[in-house]
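Asks: My structure is stored as query16.txt, with compact mmCIF, C-alpha atoms and all ligand atoms.
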# COMPACT_ATOMS: atom_id res chain seq x y z
CA MET A 1 58.94 74.06 121.23
CA SER A 2 61.20 76.90 122.25
CA GLU A 3 60.92 78.43 125.72
CA ILE A 4 58.68 81.43 125.73
CA ASN A 5 60.73 84.38 126.74
CA ILE A 6 58.43 86.76 128.53
CA THR A 7 59.61 89.59 130.69
CA LYS A 8 58.55 90.20 134.23
CA ASN A 9 55.29 92.04 133.77
CA LYS A 10 52.74 89.36 134.43
CA LEU A 11 49.69 91.42 133.77
CA GLN A 12 50.21 92.39 130.15
CA ARG A 13 48.57 90.80 127.18
CA TYR A 14 50.81 89.70 124.37
CA LEU A 15 50.64 89.09 120.68
CA LEU A 16 52.48 85.89 119.92
CA LYS A 17 53.57 84.92 116.46
CA PHE A 18 54.35 81.34 115.62
CA ASP A 19 56.23 80.50 112.49
CA GLY A 20 57.72 77.45 110.89
CA VAL A 21 54.27 75.92 110.94
CA THR A 22 53.90 75.11 107.29
CA CYS A 23 52.00 71.88 106.86
CA PRO A 24 48.20 71.81 107.07
CA GLY A 25 48.26 69.23 109.88
CA CYS A 26 50.41 71.38 112.13
CA VAL A 27 48.44 74.52 111.26
CA THR A 28 45.27 72.71 112.28
CA ALA A 29 46.91 71.47 115.47
CA VAL A 30 48.01 74.98 116.49
CA LYS A 31 44.58 76.40 115.68
CA LYS A 32 42.88 73.68 117.63
CA THR A 33 45.09 74.18 120.66
CA THR A 34 44.66 77.94 120.70
CA SER A 35 40.94 77.70 120.03
CA GLN A 36 40.48 75.99 123.38
CA LEU A 37 41.34 79.29 124.93
CA ASP A 38 38.83 82.05 125.37
CA GLU A 39 40.13 84.46 122.78
CA THR A 40 39.69 82.11 119.82
CA LYS A 41 38.25 84.87 117.70
CA PHE A 42 41.58 86.61 117.70
CA VAL A 43 43.43 83.71 116.19
CA GLU A 44 44.25 84.32 112.57
CA ILE A 45 46.64 83.00 109.97
CA SER A 46 48.74 85.03 107.59
CA GLU A 47 50.80 83.27 104.97
CA SER A 48 52.28 86.42 103.48
CA SER A 49 55.78 85.68 104.65
CA GLY A 50 55.83 82.13 103.39
CA ASP A 51 55.53 80.85 106.92
CA THR A 52 52.29 80.42 108.67
CA ILE A 53 52.05 82.99 111.38
CA ILE A 54 49.43 82.75 113.99
CA THR A 55 48.77 85.90 115.89
CA SER A 56 46.78 85.63 119.01
CA SER A 57 46.03 87.92 121.88
CA LEU A 58 46.21 85.82 124.99
CA TRP A 59 47.39 86.02 128.51
CA ALA A 60 51.04 85.08 128.50
CA ASN A 61 50.59 82.53 131.25
CA GLN A 62 47.74 80.87 129.37
CA ILE A 63 49.93 80.52 126.31
CA LYS A 64 52.76 79.15 128.34
CA PHE A 65 50.55 76.57 129.97
CA GLU A 66 48.39 75.56 127.02
CA LEU A 67 51.16 75.30 124.46
CA ASN A 68 53.79 73.79 126.68
CA GLU A 69 52.95 70.27 125.66
CA PHE A 70 52.05 71.17 122.10
CA GLU A 71 53.06 68.77 119.35
CA GLY A 72 52.43 69.10 115.64
CA CYS A 73 51.77 66.27 113.23
CA CYS A 74 55.24 66.04 111.65
CA SER A 75 58.91 66.59 112.43
CA ASP A 76 59.43 69.07 109.55
CA CYS A 77 57.56 71.94 111.11
CA GLN A 78 59.29 73.72 113.89
CA ILE A 79 56.60 75.03 116.05
CA ALA A 80 58.33 77.93 117.63
CA ILE A 81 57.10 81.16 119.01
CA ARG A 82 58.94 83.75 116.98
CA GLU A 83 57.92 86.91 118.67
CA VAL A 84 56.35 87.96 121.89
CA GLU A 85 55.15 91.53 121.70
CA GLU A 86 53.51 93.43 124.46
CA THR A 87 50.37 94.99 123.00
CA ASP A 88 49.45 98.51 123.80
CA LEU A 89 45.93 99.14 125.02
CA ASP A 90 44.73 100.65 121.74
CA THR A 91 45.84 97.64 119.74
CA PHE A 92 44.14 95.38 122.17
CA GLU A 93 40.91 97.37 122.31
CA THR A 94 40.54 97.25 118.53
CA LEU A 95 40.44 93.48 118.78
CA PHE A 96 37.14 93.79 120.59
CA GLU A 97 34.10 94.79 118.66
CA LYS A 98 31.68 97.25 120.13
CA PRO A 99 28.56 95.28 120.95
CA ASP A 100 25.76 96.01 118.49
CA ASP A 101 22.80 95.68 120.84
CA LEU A 102 23.71 98.62 123.04
CA GLU A 103 21.06 100.68 121.28
CA LEU A 104 18.35 98.51 122.84
CA VAL A 105 19.93 98.90 126.29
CA LYS A 106 20.24 102.67 125.90
CA LYS A 107 16.65 103.03 124.67
CA GLN A 108 15.26 100.82 127.42
CA TYR A 109 17.14 102.47 130.29
CA LYS A 110 16.25 105.94 129.07
CA ILE A 111 12.58 104.91 129.23
CA ALA A 112 13.08 103.22 132.61
CA LEU A 113 14.58 106.39 134.07
CA GLU A 114 11.79 108.57 132.68
CA ARG A 115 9.15 106.26 134.18
CA ALA A 116 10.86 106.31 137.57
CA LEU A 117 11.08 110.11 137.51
CA GLU A 118 7.42 110.38 136.58
CA GLY A 119 6.62 108.25 139.63
CA ILE A 120 5.15 105.38 137.56
CA GLU A 121 7.45 102.55 138.66
CA VAL A 122 11.09 101.53 139.06
CA ALA A 123 11.58 98.72 136.56
CA CYS A 124 13.92 98.20 133.63
CA SER A 125 11.20 96.58 131.50
CA ASP A 126 7.92 94.70 131.79
CA ASN A 127 9.77 91.53 132.73
CA CYS A 128 12.30 92.94 135.11
CA VAL A 129 14.06 91.51 138.14
CA CYS A 130 13.54 94.77 140.05
CA LYS A 131 10.00 93.43 140.40
CA THR A 132 11.18 90.27 142.15
CA THR A 133 11.85 92.21 145.36
CA ASP A 134 9.01 93.17 147.65
CA VAL A 135 10.37 96.66 148.10
CA ASP A 136 8.37 99.74 147.25
CA ARG A 137 11.12 101.06 145.05
CA LEU A 138 9.73 104.48 144.50
CA SER A 139 9.62 105.27 148.20
CA GLU A 140 12.85 103.37 148.92
CA SER A 141 14.74 105.26 146.26
CA ASP A 142 14.51 108.72 147.81
CA GLY A 143 14.82 110.19 144.34
CA VAL A 144 17.81 108.06 143.27
CA ALA A 145 16.35 104.70 142.33
CA SER A 146 18.25 101.44 142.26
CA PHE A 147 17.53 99.45 139.12
CA ALA A 148 18.84 96.21 140.55
CA SER A 149 17.31 93.37 142.51
CA VAL A 150 20.18 93.79 144.99
CA TYR A 151 18.92 97.30 145.72
CA ASN A 152 20.87 97.39 149.00
CA LEU A 153 24.25 96.35 147.64
CA ASN A 154 26.15 98.76 149.86
CA GLU A 155 24.86 97.17 153.04
CA ARG A 156 26.11 93.82 151.79
CA ILE A 157 29.57 94.89 150.66
CA ASN A 158 30.41 97.51 153.28
CA SER A 159 32.95 95.27 154.95
CA PHE A 160 34.98 95.19 151.71
CA LEU A 161 35.14 98.99 151.39
CA GLU A 162 37.67 101.24 153.10
CA GLN A 163 38.31 104.95 153.25
CA GLY A 164 40.66 106.16 150.54
CA MET A 165 39.85 103.38 148.08
CA LEU A 166 39.37 103.89 144.35
CA ILE A 167 36.10 102.25 143.34
CA THR A 168 34.28 101.81 140.06
CA ASP A 169 30.56 101.17 139.74
CA PHE A 170 30.18 99.79 136.21
CA GLY A 171 26.65 100.16 134.81
CA CYS A 172 25.98 102.64 137.61
CA GLY A 173 22.52 103.70 136.38
CA THR A 174 21.13 106.53 138.51
CA GLY A 175 24.24 106.53 140.73
CA HIS A 176 22.31 104.93 143.61
CA ASP A 177 25.20 102.70 144.75
CA ALA A 178 28.03 104.98 143.62
CA ILE A 179 26.82 107.94 145.68
CA LEU A 180 26.42 105.82 148.82
CA THR A 181 29.86 104.28 148.26
CA ALA A 182 31.44 107.71 147.80
CA GLU A 183 30.34 108.67 151.30
CA ILE A 184 31.91 105.51 152.74
CA VAL A 185 35.28 105.68 150.96
CA ASN A 186 35.75 109.45 151.16
CA PRO A 187 38.45 110.77 150.51
CA GLY A 188 38.65 107.89 148.04
CA ILE A 189 37.10 108.35 144.61
CA VAL A 190 34.20 106.53 143.01
CA THR A 191 33.83 106.40 139.24
CA GLY A 192 30.42 105.53 137.90
CA ILE A 193 30.33 104.31 134.31
CA ASP A 194 27.19 103.85 132.26
CA VAL A 195 26.38 103.54 128.58
CA THR A 196 23.03 105.36 128.82
CA PRO A 197 23.69 109.12 128.58
CA GLU A 198 20.50 110.04 130.47
CA MET A 199 21.62 107.91 133.43
CA VAL A 200 25.04 109.57 133.48
CA LYS A 201 23.48 113.04 133.39
CA PHE A 202 21.00 112.19 136.14
CA ALA A 203 23.65 110.62 138.39
CA THR A 204 25.94 113.62 137.94
CA GLU A 205 23.14 116.00 138.91
CA GLN A 206 22.21 113.89 141.94
CA ALA A 207 25.78 113.87 143.27
CA LYS A 208 25.91 117.64 142.88
CA LEU A 209 22.55 118.10 144.59
CA GLN A 210 23.72 115.99 147.51
CA GLY A 211 27.05 117.78 147.71
CA ILE A 212 29.08 114.60 147.09
CA ASN A 213 32.31 115.66 145.43
CA ASN A 214 34.33 112.45 145.37
CA VAL A 215 32.23 110.72 142.71
CA LYS A 216 32.33 111.25 138.96
CA PHE A 217 30.19 109.73 136.22
CA ILE A 218 31.40 108.82 132.76
CA GLU A 219 29.56 107.62 129.65
CA SER A 220 31.18 104.49 128.27
CA PHE A 221 30.26 100.96 127.22
CA ASP A 222 33.32 99.39 128.84
CA LEU A 223 36.07 99.99 131.39
CA SER A 224 38.47 101.69 128.98
CA PRO A 225 38.28 105.15 130.66
CA LEU A 226 40.06 103.68 133.71
CA GLU A 227 43.82 103.55 134.18
CA LYS A 228 45.43 100.13 134.22
CA GLU A 229 45.82 98.56 137.67
CA SER A 230 44.24 101.57 139.32
CA GLN A 231 41.10 100.32 141.10
CA ASP A 232 40.71 98.70 144.53
CA VAL A 233 37.17 97.54 143.80
CA ILE A 234 35.04 97.32 140.68
CA TYR A 235 31.43 96.37 141.17
CA VAL A 236 28.62 95.59 138.76
CA ASN A 237 25.13 95.51 140.18
CA ASN A 238 22.75 93.78 137.78
CA VAL A 239 24.86 94.56 134.76
CA LEU A 240 26.89 91.45 133.95
CA ASN A 241 23.75 89.77 132.60
CA LEU A 242 23.43 92.61 130.08
CA LEU A 243 26.91 92.13 128.66
CA ASN A 244 27.24 90.00 125.55
CA ASP A 245 30.80 89.01 126.15
CA LYS A 246 31.21 88.42 129.86
CA SER A 247 34.69 87.01 129.35
CA VAL A 248 35.90 90.24 127.75
CA PHE A 249 34.46 92.21 130.65
CA LEU A 250 36.26 89.98 133.18
CA LEU A 251 39.51 90.49 131.29
CA GLY A 252 38.98 94.25 131.32
CA ALA A 253 38.23 94.25 135.04
CA TYR A 254 41.34 92.18 135.70
CA GLU A 255 43.41 94.73 133.84
CA LYS A 256 41.97 97.76 135.67
CA LEU A 257 42.16 96.30 139.19
CA LYS A 258 45.18 96.57 141.45
CA LEU A 259 46.69 93.27 142.42
CA HIS A 260 44.42 91.71 145.08
CA GLY A 261 41.66 94.16 144.10
CA LEU A 262 38.07 92.92 144.10
CA LEU A 263 35.51 92.48 141.36
CA ILE A 264 32.07 92.33 142.97
CA ILE A 265 29.32 90.90 140.80
CA ALA A 266 25.77 91.22 142.12
CA ASP A 267 23.43 89.67 139.62
CA GLU A 268 20.87 87.12 138.56
CA PHE A 269 22.36 83.71 137.83
CA ALA A 270 20.68 80.99 135.80
CA LEU A 271 19.83 77.72 137.50
CA GLU A 272 18.77 76.05 134.26
CA GLU A 273 19.09 76.53 130.50
CA PHE A 274 16.64 79.03 128.99
CA PRO A 275 15.01 78.53 125.58
CA THR A 276 16.28 80.69 122.71
CA GLU A 277 12.96 82.56 122.50
CA LEU A 278 13.37 83.69 126.09
CA ARG A 279 16.99 84.69 125.49
CA ASP A 280 15.83 86.74 122.46
CA ASP A 281 12.93 88.42 124.23
CA GLU A 282 13.76 92.13 124.60
CA SER A 283 11.90 92.69 127.85
CA PHE A 284 13.63 89.72 129.46
CA GLN A 285 16.95 90.94 128.00
CA CYS A 286 16.55 94.35 129.61
CA GLY A 287 15.06 92.81 132.70
CA GLY A 288 18.21 91.11 133.93
CA ILE A 289 17.06 87.63 132.97
CA SER A 290 17.89 86.56 129.39
CA GLY A 291 21.60 87.05 129.82
CA ALA A 292 21.80 85.49 133.28
CA GLU A 293 24.73 83.09 133.36
CA PHE A 294 25.34 80.03 135.53
CA VAL A 295 27.46 81.21 138.44
CA GLU A 296 29.77 78.22 137.88
CA ASN A 297 30.48 79.46 134.32
CA VAL A 298 31.33 82.94 135.57
CA GLU A 299 33.65 81.40 138.17
CA THR A 300 35.38 79.26 135.54
CA MET A 301 35.93 82.24 133.24
CA ALA A 302 37.18 84.33 136.14
CA ILE A 303 39.70 81.69 137.22
CA GLU A 304 40.88 81.40 133.60
CA HIS A 305 41.61 85.11 133.66
CA GLY A 306 43.55 85.02 136.91
CA PHE A 307 40.92 85.72 139.56
CA LYS A 308 40.42 83.76 142.76
CA ILE A 309 36.93 83.16 144.11
CA SER A 310 36.82 85.11 147.32
CA HIS A 311 33.20 85.00 148.44
CA TRP A 312 29.75 83.89 147.30
CA GLU A 313 26.45 84.93 148.84
CA SER A 314 23.21 83.43 147.59
CA ILE A 315 20.41 85.89 148.27
CA LYS A 316 17.29 84.39 146.81
CA GLU A 317 16.02 81.72 144.40
CA TYR A 318 12.92 82.38 142.34
CA ASP A 319 11.00 81.37 139.21
CA ILE A 320 10.05 83.41 136.21
CA GLU A 321 7.35 82.46 133.79
CA PHE A 322 7.69 82.39 130.02
CA ASN A 323 5.19 80.78 127.62
CA ASN A 324 3.49 79.02 130.54
CA GLU A 325 6.75 77.39 131.66
CA LYS A 326 8.67 78.25 134.82
CA TYR A 327 12.43 78.83 134.86
CA LYS A 328 14.64 79.06 137.91
CA LEU A 329 17.15 81.78 138.72
CA LYS A 330 18.97 82.99 141.78
CA THR A 331 20.15 86.37 142.91
CA GLY A 332 23.59 86.41 144.44
CA ILE A 333 26.84 88.24 144.99
CA LEU A 334 30.08 86.77 143.69
CA ILE A 335 33.30 88.39 144.85
CA LEU A 336 36.43 87.73 142.84
CA GLN A 337 39.93 88.72 143.81
CA LYS A 338 42.61 89.53 141.29
CA SER A 339 45.52 87.20 141.77
CA ILE A 340 48.29 86.15 139.44
CA GLY A 341 47.85 83.34 137.00
CA ARG A 342 45.33 80.56 136.79
CA SER A 343 44.21 79.67 140.28
CA GLY A 344 47.51 81.15 141.34
CA ILE A 345 49.26 78.05 139.98
CA TYR A 346 50.66 79.06 136.63
CA GLN A 347 52.73 82.05 137.51
CA MET A 348 55.18 83.75 135.22
CA ASN A 349 58.81 84.10 136.15
C1 LIG A 401 19.77 96.97 135.74
S1 LIG A 401 20.50 98.56 135.57
C2 LIG A 401 21.47 98.62 137.05
C3 LIG A 401 21.87 100.03 137.41
C4 LIG A 401 22.64 100.17 138.72
N1 LIG A 401 23.78 99.31 138.79
C5 LIG A 401 21.75 99.95 139.93
O1 LIG A 401 22.08 99.11 140.73
O2 LIG A 401 20.74 100.64 140.02
C6 LIG A 401 21.74 98.27 134.33
C7 LIG A 401 22.54 99.50 133.93
O3 LIG A 401 23.66 99.05 133.17
C8 LIG A 401 23.87 99.93 132.09
N2 LIG A 401 24.59 99.19 131.06
C9 LIG A 401 24.17 98.14 130.33
N3 LIG A 401 25.13 97.72 129.49
C10 LIG A 401 26.20 98.52 129.70
C11 LIG A 401 27.50 98.60 129.15
N4 LIG A 401 27.92 97.76 128.20
N5 LIG A 401 28.33 99.55 129.60
C12 LIG A 401 27.94 100.42 130.57
N6 LIG A 401 26.72 100.40 131.13
C13 LIG A 401 25.86 99.46 130.71
C14 LIG A 401 22.48 100.39 131.70
O4 LIG A 401 22.49 101.60 130.99
C15 LIG A 401 21.80 100.49 133.05
O5 LIG A 401 21.92 101.78 133.59
Please, can you express the file's structure as structure tokens?
Replies:
Amino acid sequence: MSEINITKNKLQRYLLKFDGVTCPGCVTAVKKTTSQLDETKFVEISESSGDTIITSSLWANQIKFELNEFEGCCSDCQIAIREVEETDLDTFETLFEKPDDLELVKKQYKIALERALEGIEVACSDNCVCKTTDVDRLSESDGVASFASVYNLNERINSFLEQGMLITDFGCGTGHDAILTAEIVNPGIVTGIDVTPEMVKFATEQAKLQGINNVKFIESFDLSPLEKESQDVIYVNNVLNLLNDKSVFLLGAYEKLKLHGLLIIADEFALEEFPTELRDDESFQCGGISGAEFVENVETMAIEHGFKISHWESIKEYDIEFNNEKYKLKTGILILQKSIGRSGIYQMN
């Protein structure tokens, strides 16, 4: 295999084209090797040029590591990487499909906000983790409710925040955390992103009412409004569980963070496998439970994408009940730091 010639920028994604892979055995071998990586869905084969070309969007250092030892099934095929192209953001974004179940999230969080404003309750759904805390959320919220079991995230992450920082609160909801953070990091800037338009409107109004000028709220389903390598801290408070493709989110966060920047994930984490019926149940989905991941799996994905595990805080373990069975979860805060390469070991030149 030829040496992969990749220029200095370690943080770009690349499209790599292999050619000279013409026999079915070698094609299968290349597919199998690349499919062990996270972005398997981007692997495709085009035979238009006579050669088999495999185009894949992968981190350059992953490719270098995974394919270093690659061997095909015969000596006729020359398994060589023909091209290494840096992808622009637009090309890369089109590789990701917009999740199709955002409509449920948007509907549910619109209702949740309305119910909170009417003084009924602060809960994302009937089976919601907000209810696992013993806090009177309506009185605690002072008008700007937190829809997260870690309702006091700021108190727990204060030591990681500094004046002047650029911070993103992804899935910011009512702006509860973002507004508090803006006061701490002033003159830094906080960007709150949320997919539910009613949440964005409410948060914007709240910041204005409170005279907080260094926070802005944007409607989006991902981190694409942010500049590359611009953020000191990105946090997600009870949002990761709602994301279908957590790996894609981690990749996006990696891209938008400055080197050594932090991704703070406060969430529910599974302590055992859940049955499919529970995973498919809409009120558990919009309650922070169905999509809860094992923290070990999140850590593995994060390391794959170039993060280091910086800190873990377990807050509380609890059971939920579904069809007369109990299932265990835990609430915790995982802090990841953007470093270079897998566990810092596989660094590019
Ligand atoms: C459980 S609430 C947490 C809100 C806030 N972080 C807090 O602590 O109060 C989840 C929020 O994530 C938002 N959300 C869910 N999926 C999203 C996505 N793909 N992109 C942006 N926001 C999303 C929802 O609209 C909702 O406001």
Asks: Quick one: of A:Ile264, A:Ile193, A:Val135, A:Val248, who's nearest to ligand LIG 401 (chain A), counting all atoms listed in the file?
Replies: A:Ile193
Asks: Considering only C-alpha atoms and all ligand atoms, tabulate each residue of chain A that lies at most 6 Å from ligand LIG 401 (chain A) along with its nearest interatomic pair and the corresponding distance in Å to one decimal; arrange the rows by chain and ascending residue number and present them as a tab-separated table.
Replies:
residue	atom	partner	partner_atom	distance
A:Val105	CA	A:LIG401	C9	5.9
A:Lys106	CA	A:LIG401	O4	5.7
A:Tyr109	CA	A:LIG401	O4	5.5
A:Ser146	CA	A:LIG401	O2	3.4
A:Phe147	CA	A:LIG401	O2	3.5
A:Ala148	CA	A:LIG401	O1	4.4
A:Gly171	CA	A:LIG401	O3	3.6
A:Cys172	CA	A:LIG401	N1	4.2
A:Gly173	CA	A:LIG401	O5	3.4
A:His176	CA	A:LIG401	O2	5.8
A:Ile193	CA	A:LIG401	C12	5.9
A:Asp194	CA	A:LIG401	N6	3.7
A:Val195	CA	A:LIG401	C12	4.0
A:Thr196	CA	A:LIG401	O4	4.4
A:Ser220	CA	A:LIG401	C12	5.7
A:Phe221	CA	A:LIG401	N5	3.4
A:Asp222	CA	A:LIG401	N5	5.1
A:Asn237	CA	A:LIG401	N1	4.3
A:Asn238	CA	A:LIG401	C1	4.8
A:Val239	CA	A:LIG401	C6	4.9
A:Leu242	CA	A:LIG401	N3	5.4
A:Leu243	CA	A:LIG401	N4	5.7
Asks: Kindly save the residues from that selection, with C-alpha atoms included, as a CSV table (one decimal), keeping the file's coordinate frame.
Replies:
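Contents of result_39.csv, freshly written:
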chain,number,residue,atom,x,y,z
A,105,VAL,CA,19.9,98.9,126.3
A,106,LYS,CA,20.2,102.7,125.9
A,109,TYR,CA,17.1,102.5,130.3
A,146,SER,CA,18.2,101.4,142.3
A,147,PHE,CA,17.5,99.4,139.1
A,148,ALA,CA,18.8,96.2,140.6
A,171,GLY,CA,26.6,100.2,134.8
A,172,CYS,CA,26.0,102.6,137.6
A,173,GLY,CA,22.5,103.7,136.4
A,176,HIS,CA,22.3,104.9,143.6
A,193,ILE,CA,30.3,104.3,134.3
A,194,ASP,CA,27.2,103.8,132.3
A,195,VAL,CA,26.4,103.5,128.6
A,196,THR,CA,23.0,105.4,128.8
A,220,SER,CA,31.2,104.5,128.3
A,221,PHE,CA,30.3,101.0,127.2
A,222,ASP,CA,33.3,99.4,128.8
A,237,ASN,CA,25.1,95.5,140.2
A,238,ASN,CA,22.8,93.8,137.8
A,239,VAL,CA,24.9,94.6,134.8
A,242,LEU,CA,23.4,92.6,130.1
A,243,LEU,CA,26.9,92.1,128.7
Asks: In Å, rounded to a single decimal, give me how far CA of Lys228 in chain A is from CA of Glu255 in chain A.
Replies: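 The value is 5.8 Å.
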Asks: Which one of A:Leu336, A:Val233, A:Ile111, A:Val144 sits closest to Glu205 in chain A if you count all atoms listed in the file?
Replies: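 So, comparing all the options, the nearest one is A:Val144.
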Asks: Of the candidates A:Ile340, A:Ile157, A:Leu138, A:Leu271, which one gets nearest to Glu304 in chain A if we count only C-alpha atoms?
Replies: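 Closest to Glu304 in chain A of all the choices is A:Ile340.
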Asks: When you draw a straight line from CA of Ile289 in chain A to CA of Ile320 in chain A, how long is it in Å?
Replies: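 Computing the Euclidean distance for CA of Ile289 in chain A and CA of Ile320 in chain A yields 8.8 Å.
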Asks: Find the distance between CA of Thr181 in chain A and CA of Val150 in chain A and write it in Å to one decimal.
Replies: 14.6 Å
Asks: I'd like the neighbourhood of range 207-215 of chain A as a count of residues only, where a residue qualifies if any of its atoms comes within 9 Å (using all atoms listed in the file), though same-chain residues fewer than 5 positions away should be ignored.
Replies: 15
Asks: Can you list, as a JSON list (two decimals) with C-alpha atoms, keeping the file's coordinate frame, every protein, DNA or RNA residue that comes within 6 Å of range 328-334 of chain A when you count all atoms listed in the file, leaving out same-chain residues fewer than 5 positions away?
Replies:
[["chain", "number", "residue", "atom", "x", "y", "z"],
["A", 264, "ILE", "CA", 32.07, 92.33, 142.97],
["A", 265, "ILE", "CA", 29.32, 90.90, 140.80],
["A", 266, "ALA", "CA", 25.77, 91.22, 142.12],
["A", 267, "ASP", "CA", 23.43, 89.67, 139.62],
["A", 268, "GLU", "CA", 20.87, 87.12, 138.56],
["A", 269, "PHE", "CA", 22.36, 83.71, 137.83],
["A", 270, "ALA", "CA", 20.68, 80.99, 135.80],
["A", 271, "LEU", "CA", 19.83, 77.72, 137.50],
["A", 311, "HIS", "CA", 33.20, 85.00, 148.44],
["A", 312, "TRP", "CA", 29.75, 83.89, 147.30],
["A", 313, "GLU", "CA", 26.45, 84.93, 148.84],
["A", 314, "SER", "CA", 23.21, 83.43, 147.59],
["A", 315, "ILE", "CA", 20.41, 85.89, 148.27],
["A", 316, "LYS", "CA", 17.29, 84.39, 146.81],
["A", 317, "GLU", "CA", 16.02, 81.72, 144.40],
["A", 318, "TYR", "CA", 12.92, 82.38, 142.34],
["A", 319, "ASP", "CA", 11.00, 81.37, 139.21]]
Asks: Which residues are close to Glu114 in chain A, i.e. within 12 Å by only C-alpha atoms, leaving aside same-chain residues fewer than 3 positions away? Reply as a count of residues only.
Replies: 18
Asks: Counting only C-alpha atoms, which residue out of A:Lys246, A:Arg156, A:Lys216, A:Lys308 sits closest to Leu262 in chain A?
Replies: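 Of A:Lys246, A:Arg156, A:Lys216, A:Lys308, the one nearest Leu262 in chain A, counting only C-alpha atoms, is A:Lys308.
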Asks: Leaving out Gly287 in chain A and any residue of its chain fewer than 5 positions from it, which residues lie within 8 Å of it when counting all atoms listed in the file, given as an mmCIF file with C-alpha atoms, keeping the file's coordinate frame?
Replies:
data_model
loop_
_atom_site.group_PDB
_atom_site.id
_atom_site.type_symbol
_atom_site.label_atom_id
_atom_site.label_comp_id
_atom_site.auth_asym_id
_atom_site.auth_seq_id
_atom_site.Cartn_x
_atom_site.Cartn_y
_atom_site.Cartn_z
ATOM 1 C CA ALA A 123 11.580 98.720 136.560
ATOM 2 C CA CYS A 124 13.920 98.200 133.630
ATOM 3 C CA SER A 125 11.200 96.580 131.500
ATOM 4 C CA ASP A 126 7.920 94.700 131.790
ATOM 5 C CA ASN A 127 9.770 91.530 132.730
ATOM 6 C CA CYS A 128 12.300 92.940 135.110
ATOM 7 C CA VAL A 129 14.060 91.510 138.140
ATOM 8 C CA CYS A 130 13.540 94.770 140.050
#
Asks: Residues within 7 Å of Gln231 in chain A, please, as a list in words. Count only C-alpha atoms; anything in the same chain fewer than 3 positions from it doesn't count.
Replies: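 Near Gln231 in chain A, the qualifying residues are Leu166, Ile167, Ile234, Lys256, Leu257, Lys258 and Gly261 of chain A.
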Asks: For Leu180 in chain A, which of A:Glu273, A:Glu162, A:Glu155, A:Glu219 is the closest residue, counting all atoms listed in the file?
Replies: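 The shortest atom-to-atom distance to Leu180 in chain A comes from A:Glu155.
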Asks: Grab all the atoms of range 213-230 of chain A that the file lists, wrap them in a box along x, y and z, add 8 Å per side, and give me centre plus edge lengths in Å (one decimal) as AutoDock Vina command-line options.
Replies:
--center_x 37.7 --center_y 107.1 --center_z 136.3 --size_x 32.3 --size_y 33.1 --size_z 34.2
Asks: Find the residue from A:Val236, A:Gly25, A:Thr168, A:Asn324 that sits nearest to Phe217 in chain A; use all atoms listed in the file when measuring.
Replies: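 Once distances to Phe217 in chain A are computed over all atoms listed in the file, the minimum belongs to A:Thr168.
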